[in-house]
>>> print(open('run_2.tsv').read())   # TSV, C-alpha atoms
chain	number	residue	atom	x	y	z
S	1	MET	CA	8.96	3.09	16.09
S	2	ALA	CA	10.51	0.83	13.47
S	3	VAL	CA	8.86	-2.58	13.46
S	4	SER	CA	10.24	-5.19	11.10
S	5	LEU	CA	8.02	-7.93	12.42
S	6	VAL	CA	7.05	-10.41	9.76
S	7	VAL	CA	4.42	-13.03	10.44
S	8	PRO	CA	4.05	-16.22	8.40
S	9	ASP	CA	1.37	-16.15	5.69
S	10	ILE	CA	-0.13	-19.32	7.08
S	11	LEU	CA	-0.81	-17.54	10.37
S	12	VAL	CA	-2.71	-14.80	8.55
S	13	ALA	CA	-4.62	-17.38	6.54
S	14	ARG	CA	-5.60	-19.23	9.71
S	15	ALA	CA	-6.68	-15.98	11.37
S	16	LYS	CA	-8.79	-15.16	8.31
S	17	ALA	CA	-10.47	-18.54	8.72
S	18	GLY	CA	-11.37	-17.62	12.30
S	19	ASP	CA	-8.72	-19.71	14.06
S	20	GLU	CA	-8.54	-18.36	17.61
S	21	GLU	CA	-4.99	-19.51	18.29
S	22	ALA	CA	-3.74	-17.83	15.13
S	23	PHE	CA	-5.54	-14.65	16.00
S	24	GLU	CA	-4.08	-14.66	19.49
S	25	ALA	CA	-0.62	-15.12	17.97
S	26	LEU	CA	-1.23	-12.03	15.83
S	27	TYR	CA	-2.50	-10.14	18.84
S	28	ARG	CA	0.58	-11.03	20.87
S	29	ALA	CA	2.89	-10.13	17.99
S	30	PHE	CA	1.42	-6.66	17.46
S	31	GLU	CA	0.00	-5.80	20.88
S	32	THR	CA	3.03	-3.82	22.06
S	33	PRO	CA	3.77	-1.95	18.80
S	34	VAL	CA	0.12	-0.94	18.53
S	35	TYR	CA	-0.05	0.15	22.15
S	36	ASN	CA	3.19	2.10	21.88
S	37	LEU	CA	1.93	3.94	18.80
S	38	VAL	CA	-1.43	4.92	20.27
S	39	ARG	CA	0.01	5.65	23.72
S	40	ARG	CA	2.44	8.13	22.17
S	41	ILE	CA	-0.48	9.83	20.43
S	42	LEU	CA	-3.04	9.76	23.23
S	43	ARG	CA	-2.85	11.38	26.62
S	44	THR	CA	-3.70	8.55	29.00
S	45	PRO	CA	-2.83	4.85	29.27
S	46	GLU	CA	-6.54	4.06	29.63
S	47	ASP	CA	-7.35	5.71	26.31
S	48	ALA	CA	-4.47	3.86	24.69
S	49	GLU	CA	-5.67	0.52	26.04
S	50	ASP	CA	-9.17	1.19	24.76
S	51	VAL	CA	-7.81	2.00	21.32
S	52	LEU	CA	-5.59	-1.09	21.41
S	53	GLN	CA	-8.70	-3.16	22.05
S	54	ASP	CA	-10.74	-1.36	19.38
S	55	THR	CA	-7.92	-1.83	16.89
S	56	PHE	CA	-7.88	-5.60	17.30
S	57	LEU	CA	-11.66	-5.81	17.21
S	58	GLU	CA	-11.45	-4.00	13.86
S	59	VAL	CA	-8.62	-6.28	12.71
S	60	MET	CA	-10.79	-9.27	13.61
S	61	ARG	CA	-13.76	-7.89	11.67
S	62	SER	CA	-11.74	-6.89	8.62
S	63	ILE	CA	-8.87	-9.32	8.33
S	64	ARG	CA	-10.54	-11.03	5.38
S	65	SER	CA	-10.22	-7.78	3.45
S	66	TYR	CA	-6.43	-7.73	4.04
S	67	ARG	CA	-5.03	-8.92	0.72
S	68	GLY	CA	-1.34	-8.83	1.52
S	69	ASP	CA	-0.57	-5.83	-0.70
S	70	GLY	CA	1.56	-4.28	2.06
S	71	THR	CA	2.92	-5.60	5.34
S	72	LEU	CA	0.44	-6.76	7.94
S	73	TRP	CA	2.03	-4.35	10.41
S	74	GLY	CA	1.45	-1.46	8.00
S	75	TRP	CA	-2.20	-2.46	7.68
S	76	ILE	CA	-2.72	-2.84	11.44
S	77	ARG	CA	-0.82	0.37	12.15
S	78	GLN	CA	-3.12	2.26	9.80
S	79	ILE	CA	-6.16	1.00	11.68
S	80	ALA	CA	-4.57	1.86	15.05
S	81	ALA	CA	-3.57	5.38	13.98
S	82	SER	CA	-7.03	6.04	12.54
S	83	LYS	CA	-8.69	4.84	15.74
S	84	ALA	CA	-6.42	7.02	17.87
S	85	LEU	CA	-7.11	10.08	15.73
S	86	MET	CA	-10.82	9.34	15.88
S	87	ARG	CA	-10.59	9.39	19.67
S	88	ILE	CA	-8.78	12.73	19.53
S	89	ARG	CA	-11.58	14.15	17.38
S	90	ARG	CA	-14.11	12.97	19.92
S	91	GLU	CA	-12.06	14.60	22.69
S	92	GLN	CA	-11.96	17.83	20.74
S	93	LEU	CA	-15.71	17.90	20.59
S	94	ARG	CA	-15.69	18.09	24.36
S	95	SER	CA	-12.94	20.65	24.77
S	96	THR	CA	-10.80	22.86	22.58
S	97	ASP	CA	-7.31	21.67	21.86
S	98	GLU	CA	-5.78	25.00	22.72
S	99	LEU	CA	-7.26	25.02	26.19
S	100	VAL	CA	-5.97	21.52	26.85
S	101	GLU	CA	-2.49	22.56	25.79
S	102	GLU	CA	-2.47	25.66	27.92
S	103	ALA	CA	-3.84	23.90	30.96
S	104	ALA	CA	-1.34	21.06	30.71
S	105	GLY	CA	1.55	23.41	30.06
S	106	ASN	CA	0.77	25.63	33.00
S	107	ALA	CA	0.31	22.73	35.37
S	108	ALA	CA	3.39	20.70	34.62
S	109	ALA	CA	6.07	22.90	33.11
S	110	PRO	CA	7.17	25.71	35.39
S	111	VAL	CA	9.13	28.41	33.62
S	112	GLY	CA	12.85	27.71	33.45
S	113	GLU	CA	12.59	24.11	34.53
S	114	ARG	CA	14.24	21.69	32.19
S	115	ILE	CA	12.02	18.71	31.57
S	116	ASP	CA	12.71	15.51	29.73
S	117	LEU	CA	11.39	14.58	26.33
S	118	GLU	CA	8.67	12.26	27.65
S	119	ARG	CA	7.18	15.04	29.74
S	120	ALA	CA	7.64	17.60	27.00
S	121	LEU	CA	5.64	15.44	24.59
S	122	GLU	CA	2.89	15.23	27.18
S	123	GLN	CA	2.68	19.01	27.18
S	124	LEU	CA	1.78	19.18	23.51
S	125	SER	CA	-1.77	19.43	22.31
S	126	HIS	CA	-3.46	16.22	21.15
S	127	THR	CA	-3.14	17.17	17.53
S	128	ALA	CA	0.43	18.44	17.62
S	129	ARG	CA	1.63	15.33	19.47
S	130	ALA	CA	-0.16	13.03	17.03
S	131	VAL	CA	1.34	14.82	14.04
S	132	VAL	CA	4.91	14.94	15.39
S	133	TRP	CA	4.79	11.27	16.30
S	134	LEU	CA	3.19	10.06	13.09
S	135	HIS	CA	5.47	12.18	10.89
S	136	ASP	CA	8.83	12.13	12.65
S	137	VAL	CA	8.78	8.70	14.26
S	138	GLU	CA	6.36	6.56	12.25
S	139	GLY	CA	7.32	8.12	8.93
S	140	TYR	CA	3.88	9.08	7.64
S	141	THR	CA	3.83	11.88	5.06
S	142	HIS	CA	1.88	15.08	5.64
S	143	GLU	CA	-0.55	13.99	2.94
S	144	GLU	CA	-1.19	10.67	4.69
S	145	ILE	CA	-1.66	12.37	8.05
S	146	ALA	CA	-3.98	14.93	6.50
S	147	GLU	CA	-6.09	12.18	4.98
S	148	MET	CA	-6.40	10.35	8.29
S	149	MET	CA	-7.27	13.56	10.12
S	150	GLY	CA	-9.65	14.87	7.51
S	151	LYS	CA	-7.50	18.00	7.21
S	152	THR	CA	-5.08	19.46	4.68
S	153	ALA	CA	-1.36	18.77	4.31
S	154	SER	CA	-0.75	22.42	5.23
S	155	PHE	CA	-2.54	21.84	8.52
S	156	SER	CA	-0.30	18.87	9.24
S	157	LYS	CA	2.81	20.92	8.41
S	158	SER	CA	1.75	23.79	10.64
S	159	GLN	CA	1.01	21.39	13.50
S	160	LEU	CA	4.44	19.82	13.09
S	161	ALA	CA	6.13	23.22	13.23
S	162	ARG	CA	4.05	24.13	16.25
S	163	ALA	CA	5.03	20.89	17.99
S	164	HIS	CA	8.74	21.43	17.36
S	165	GLN	CA	8.55	25.04	18.43
S	166	ARG	CA	6.96	24.06	21.69
S	167	LEU	CA	9.30	21.12	22.27
S	168	ARG	CA	12.27	23.42	21.74
S	169	GLY	CA	10.92	25.79	24.35
S	170	LEU	CA	10.07	23.06	26.83
S	171	LEU	CA	13.36	21.23	26.43
S	172	ASP	CA	15.41	24.43	26.76
S	173	GLU	CA	17.89	23.19	24.18
S	174	GLY	CA	20.02	26.29	24.31
S	175	VAL	CA	19.16	27.35	20.78
S	176	PRO	CA	18.01	30.94	20.49
S	177	ALA	CA	14.39	31.26	19.46
S	178	SER	CA	13.98	32.39	15.88
P	179	MET	CA	19.75	39.54	11.41
P	180	MET	CA	16.70	37.49	10.51
P	181	HIS	CA	16.88	33.78	11.34
P	182	CYS	CA	15.07	30.72	10.04
P	183	THR	CA	11.64	30.08	11.48
P	184	MET	CA	10.65	26.60	12.58
P	185	ASP	CA	8.77	26.27	9.28
P	186	ASP	CA	12.03	27.10	7.48
P	187	LEU	CA	13.98	24.57	9.55
P	188	LEU	CA	11.47	21.78	8.89
P	189	ALA	CA	11.41	22.69	5.20
P	190	LEU	CA	15.21	22.51	5.16
P	191	ARG	CA	15.03	19.06	6.73
P	192	ALA	CA	12.48	17.96	4.12
P	193	GLY	CA	14.54	19.42	1.27
P	194	GLU	CA	11.76	21.87	0.44
P	195	ALA	CA	13.24	25.10	1.78
P	196	SER	CA	13.31	28.42	-0.02
P	197	MET	CA	16.45	29.70	-1.68
P	198	TRP	CA	16.81	32.31	1.06
P	199	ALA	CA	16.66	29.69	3.84
P	200	ARG	CA	19.23	27.48	2.14
P	201	GLN	CA	21.61	30.38	1.60
P	202	HIS	CA	21.06	31.70	5.11
P	203	LEU	CA	21.81	28.32	6.64
P	204	GLY	CA	25.23	28.37	5.04
P	205	ASP	CA	26.00	31.72	6.67
P	206	CYS	CA	24.35	31.36	10.07
P	207	GLY	CA	25.71	29.17	12.87
P	208	ILE	CA	22.67	29.79	15.04
P	209	CYS	CA	20.30	28.35	12.44
P	210	ARG	CA	22.61	25.42	11.75
P	211	SER	CA	22.52	24.64	15.49
P	212	ALA	CA	18.74	24.95	15.45
P	213	LEU	CA	18.49	22.51	12.55
P	214	ASP	CA	20.85	20.09	14.31
P	215	ALA	CA	18.62	20.32	17.36
P	216	VAL	CA	15.61	19.28	15.25
P	217	TYR	CA	17.49	16.20	14.06
P	218	GLN	CA	18.61	15.40	17.61
P	219	ARG	CA	15.09	15.84	18.95
P	220	VAL	CA	13.67	13.42	16.38
P	221	ALA	CA	16.46	10.92	17.06
P	222	ALA	CA	15.67	11.18	20.77
P	223	MET	CA	11.97	10.55	20.10
P	224	LYS	CA	12.82	7.46	18.08
P	225	ALA	CA	15.02	6.25	20.92
P	226	LEU	CA	12.30	6.55	23.57
P	227	PRO	CA	11.52	3.26	25.31
P	228	VAL	CA	8.74	1.14	23.90
P	229	LEU	CA	5.64	1.33	26.06
P	230	ALA	CA	3.64	-1.81	26.80
P	231	PRO	CA	0.05	-2.02	28.05
P	232	ALA	CA	-0.40	-2.59	31.75
P	233	ARG	CA	-3.47	-4.76	31.28
P	234	ASP	CA	-4.11	-7.65	28.94
P	235	ARG	CA	-6.99	-6.82	26.60
P	236	TRP	CA	-6.84	-10.16	24.76
P	237	PRO	CA	-9.70	-11.74	26.81
P	238	VAL	CA	-12.07	-9.01	25.56
P	239	VAL	CA	-10.97	-9.51	21.95
P	240	ARG	CA	-11.21	-13.30	22.33
P	241	THR	CA	-14.77	-13.03	23.63
P	242	ALA	CA	-15.71	-10.88	20.65
P	243	LEU	CA	-14.04	-13.37	18.31
P	244	ARG	CA	-16.05	-16.26	19.78
P	245	GLU	CA	-19.30	-14.30	19.58
P	246	ARG	CA	-18.55	-13.49	15.97
P	247	ARG	CA	-17.95	-17.15	15.17
P	248	ARG	CA	-21.26	-18.08	16.80
P	249	ALA	CA	-23.05	-15.35	14.84
P	250	GLY	CA	-21.35	-16.55	11.65
P	251	ARG	CA	-22.64	-20.09	12.23
P	252	ALA	CA	-26.15	-18.74	12.82
P	253	TRP	CA	-25.95	-16.79	9.56
P	254	SER	CA	-24.83	-19.96	7.73
P	255	VAL	CA	-27.87	-21.87	9.02
P	256	VAL	CA	-30.17	-19.05	7.92
P	257	GLY	CA	-28.42	-18.94	4.54
P	258	LEU	CA	-28.81	-22.67	3.96
P	259	ALA	CA	-32.47	-22.50	4.96
P	260	ALA	CA	-33.04	-19.61	2.58
P	261	ALA	CA	-31.28	-21.43	-0.24
P	262	ALA	CA	-33.32	-24.58	0.41
P	263	ALA	CA	-36.54	-22.56	0.45
P	264	LEU	CA	-35.56	-20.87	-2.78
P	265	ALA	CA	-34.71	-24.18	-4.42
P	266	GLY	CA	-38.10	-25.55	-3.32
P	267	LEU	CA	-39.80	-22.51	-4.76
P	268	VAL	CA	-38.05	-23.03	-8.08
P	269	VAL	CA	-39.08	-26.69	-8.23
P	270	PHE	CA	-42.65	-25.82	-7.28
P	271	ARG	CA	-42.81	-23.07	-9.84
P	272	SER	CA	-41.56	-25.26	-12.67
P	273	GLY	CA	-44.84	-27.18	-12.67
P	274	GLY	CA	-47.02	-24.12	-12.53
P	275	ALA	CA	-48.38	-21.93	-15.25
P	276	GLY	CA	-48.64	-18.19	-15.65
P	277	PRO	CA	-48.74	-15.44	-18.18
P	278	LEU	CA	-45.75	-15.39	-20.45
P	279	ASN	CA	-44.16	-12.00	-20.41
P	280	THR	CA	-41.04	-11.68	-22.47
P	281	ASP	CA	-41.07	-7.89	-22.12
P	282	GLU	CA	-40.93	-8.17	-18.35
P	283	LEU	CA	-38.06	-10.62	-18.69
P	284	ALA	CA	-36.10	-8.14	-20.80
P	285	THR	CA	-36.82	-5.35	-18.32
P	286	LEU	CA	-35.69	-7.47	-15.37
P	287	LYS	CA	-32.48	-8.37	-17.16
P	288	GLN	CA	-31.80	-4.70	-17.80
P	289	GLN	CA	-32.47	-3.84	-14.15
P	290	SER	CA	-30.18	-6.66	-13.07
P	291	ALA	CA	-27.38	-5.46	-15.34
P	292	ALA	CA	-27.77	-1.88	-14.09
P	293	LEU	CA	-27.63	-3.00	-10.46
P	294	GLU	CA	-24.63	-5.19	-11.18
P	295	SER	CA	-22.87	-2.20	-12.66
P	296	GLU	CA	-23.71	-0.03	-9.63
P	297	LEU	CA	-22.55	-2.75	-7.27
P	298	GLY	CA	-19.25	-2.84	-9.11
P	299	TYR	CA	-18.58	0.70	-7.94
P	300	LEU	CA	-19.50	-0.22	-4.37
P	301	ALA	CA	-17.57	-3.51	-4.24
P	302	PRO	CA	-15.96	-4.02	-0.84
P	303	ASN	CA	-12.44	-4.75	-2.16
P	304	ASP	CA	-10.02	-3.85	0.58
P	305	ARG	CA	-12.24	-1.39	2.39
P	306	VAL	CA	-13.10	-2.01	5.98
P	307	MET	CA	-16.58	-3.37	6.64
P	308	SER	CA	-18.45	-4.41	9.74
P	309	GLY	CA	-19.01	-8.04	10.63
P	310	ARG	CA	-22.77	-7.65	10.30
P	311	GLU	CA	-22.48	-6.13	6.86
P	312	ALA	CA	-20.07	-8.80	5.72
P	313	ALA	CA	-22.41	-11.56	6.96
P	314	LEU	CA	-25.51	-10.01	5.38
P	315	GLY	CA	-23.72	-9.24	2.13
P	316	GLY	CA	-22.36	-12.79	2.00
P	317	LEU	CA	-25.83	-14.24	2.55
P	318	LEU	CA	-27.34	-12.18	-0.26
P	319	GLU	CA	-24.50	-13.07	-2.60
P	320	ASP	CA	-25.02	-16.75	-1.80
P	321	GLN	CA	-28.71	-16.47	-2.63
P	322	ILE	CA	-27.93	-14.71	-5.92
P	323	ALA	CA	-25.48	-17.51	-6.72
P	324	VAL	CA	-28.21	-20.09	-6.08
P	325	ILE	CA	-30.48	-18.30	-8.56
P	326	ASP	CA	-27.69	-18.05	-11.13
P	327	GLY	CA	-27.08	-21.76	-10.64
P	328	GLU	CA	-30.75	-22.51	-11.22
P	329	LEU	CA	-30.85	-20.38	-14.35
P	330	GLY	CA	-27.69	-22.01	-15.70
P	331	HIS	CA	-28.68	-25.55	-14.65
P	332	VAL	CA	-32.12	-25.46	-16.24
P	333	GLY	CA	-30.72	-24.00	-19.40
P	334	LEU	CA	-28.05	-26.65	-19.73
P	335	SER	CA	-30.30	-29.58	-18.93
P	336	GLY	CA	-31.89	-29.40	-22.35
P	337	GLY	CA	-34.69	-27.38	-23.78
P	338	PRO	CA	-35.46	-23.73	-23.26
P	339	VAL	CA	-36.27	-22.55	-19.76
P	340	PRO	CA	-39.97	-21.73	-19.49
P	341	VAL	CA	-40.33	-17.97	-19.62
P	342	VAL	CA	-42.55	-17.97	-16.55
P	343	ASP	CA	-39.76	-19.55	-14.52
P	344	ARG	CA	-37.15	-17.25	-15.90
P	345	VAL	CA	-39.24	-14.19	-15.09
P	346	ASP	CA	-39.66	-15.35	-11.49
P	347	LEU	CA	-35.97	-16.15	-11.14
P	348	TRP	CA	-34.88	-12.86	-12.63
P	349	ARG	CA	-37.38	-11.00	-10.46
P	350	GLU	CA	-35.96	-12.74	-7.40
P	351	ARG	CA	-32.44	-11.92	-8.59
P	352	VAL	CA	-33.24	-8.22	-9.00
P	353	ASP	CA	-34.84	-8.14	-5.57
P	354	LEU	CA	-31.77	-9.68	-3.93
P	355	MET	CA	-29.43	-7.36	-5.81
P	356	GLN	CA	-31.45	-4.37	-4.64
P	357	GLN	CA	-31.04	-5.58	-1.06
P	358	LEU	CA	-27.30	-6.02	-1.58
P	359	TYR	CA	-27.13	-2.57	-3.11
P	360	THR	CA	-28.85	-1.12	-0.04
P	361	VAL	CA	-26.34	-2.82	2.24
P	362	ARG	CA	-23.41	-1.47	0.25
P	363	VAL	CA	-24.83	2.05	-0.10
P	364	THR	CA	-25.49	2.20	3.62
P	365	ARG	CA	-21.90	1.24	4.27
P	366	ALA	CA	-20.53	3.72	1.75
P	367	SER	CA	-22.63	6.48	3.31
P	368	SER	CA	-21.49	5.61	6.81
P	369	MET	CA	-17.88	5.81	5.65
P	370	GLY	CA	-18.47	9.14	3.96
P	371	LEU	CA	-17.67	7.79	0.48
>>> encode(input="run_2.tsv", output="structure tokens")
Amino acid sequence: MAVSLVVPDILVARAKAGDEEAFEALYRAFETPVYNLVRRILRTPEDAEDVLQDTFLEVMRSIRSYRGDGTLWGWIRQIAASKALMRIRREQLRSTDELVEEAAGNAAAPVGERIDLERALEQLSHTARAVVWLHDVEGYTHEEIAEMMGKTASFSKSQLARAHQRLRGLLDEGVPAS
Amino acid sequence: MMHCTMDDLLALRAGEASMWARQHLGDCGICRSALDAVYQRVAAMKALPVLAPARDRWPVVRTALRERRRAGRAWSVVGLAAAAALAGLVVFRSGGAGPLNTDELATLKQQSAALESELGYLAPNDRVMSGREAALGGLLEDQIAVIDGELGHVGLSGGPVPVVDRVDLWRERVDLMQQLYTVRVTRASSMGL
């Protein structure tokens, strides 16, 4: 999702000083982009709302360390993506990613049925969906994704290929499988 | 005929494909269609509607913000009290007497310099830190600044600073820096640095 939102420096300065109105203005400005990002990565709206909340609690705690080197959105997005990936790691401790993918695929994608992109994305594993969204939509590099995930760039690349392979199958795009 | 794998197609998109894949793409309509489909799929993902949260989480964040402000004020009161106590201690000490120990003074200065150097590596800079750590670190830094002020003030006011006072001030400074070091090391460990 391309976000070109620019907030005035004075608003950031006021938020750094603990001004509640300024902080609410920042929250309102970035609430939807943050939610959209984490919702596309995570499986449920409830998880995404929790991460949205955690993200802004972290922004509140750390905004004094934001020095304006990059855009505020870039800084907040990094926090949001990290929080979402952290939640995925916690999920993976409870169940294996592969099982989640298989279970979801079997339940919601009958063979031969053409499904739309939204539903196809839901059929991907946590990790594959996070990688395809962060790389192809948000524009993160494999190296950046690997760093956030605590994995290698090769892992990110293989997850991306896996995601596209599965999306191609689910979307029945009429391209012969290679 | 062998076709491009998904890895090949993504490498072609990234401009990192092998010579074989690039040559094959020129000859194979099926693989060109597959690559087009990748581009179309990504364009479709980017065009998906923006999702908005169903519930407003601002009240929770606002409550946390207010609690943090209250905690910050409490830390400020504690900090001022500590600074006042320290200043009182310095004034009280200036009239006292004790063994002069220039060796200990030199040792304390060395310890202080070593800790300062270590803290330089653990400086917060732009890394994320918790509110509690920031408050505690700020308090310790304030107390160190008070000591530095005392050392500088006494020295500038004329006459050498009594060694006994300097030893106590430097000892206090080293103690505070060790506490600050502990705070920073704990944070670095928790972040896996």
>>> interface_residues(input="run_2.tsv", of="chain S", to="chain P", cutoff="9 Å", atoms="only C-alpha atoms", output="VMD selection string")
chain S and resid 1 to 2 18 20 23 to 24 27 to 28 31 to 33 35 to 37 39 to 40 45 48 to 50 52 to 54 56 to 58 60 to 67 117 to 118 132 to 133 136 to 138 157 to 158 160 to 162 164 to 165 167 to 168 173 175 to 178
>>> atom_distance(input="run_2.tsv", atom1="atom CA of S:Arg89", atom2="atom CA of S:Phe155")
14.8 Å
>>> residues_around(input="run_2.tsv", residues="P:Ala291", least_positions_apart="3", cutoff="12 Å", atoms="all atoms listed in the file", output="list of chain:residue names")
P:Ala284, P:Thr285, P:Leu286, P:Lys287, P:Gln288, P:Glu294, P:Ser295, P:Glu296, P:Leu297, P:Gly298, P:Trp348, P:Arg351, P:Val352, P:Met355, P:Gln356
>>> residues_around(input="run_2.tsv", residues="S:Thr55", least_positions_apart="4", cutoff="8 Å", atoms="all atoms listed in the file", output="ChimeraX atom specification")
/S:51,59,76,79-80,83
>>> write_last_selection(input="run_2.tsv", atoms="C-alpha atoms", output="CSV table (one decimal), in the coordinates of the input")
chain,number,residue,atom,x,y,z
S,51,VAL,CA,-7.8,2.0,21.3
S,59,VAL,CA,-8.6,-6.3,12.7
S,76,ILE,CA,-2.7,-2.8,11.4
S,79,ILE,CA,-6.2,1.0,11.7
S,80,ALA,CA,-4.6,1.9,15.0
S,83,LYS,CA,-8.7,4.8,15.7
>>> atom_distance(input="run_2.tsv", atom1="atom CA of S:Arg129", atom2="atom CA of S:Val38")
10.9 Å
>>> residues_around(input="run_2.tsv", residues="S:Arg87", least_positions_apart="5", cutoff="9 Å", atoms="all atoms listed in the file", output="ChimeraX atom specification")
/S:42,47,51,82,92
>>> atom_distance(input="run_2.tsv", atom1="atom CA of S:Ala81", atom2="atom CA of P:Thr360")
29.6 Å
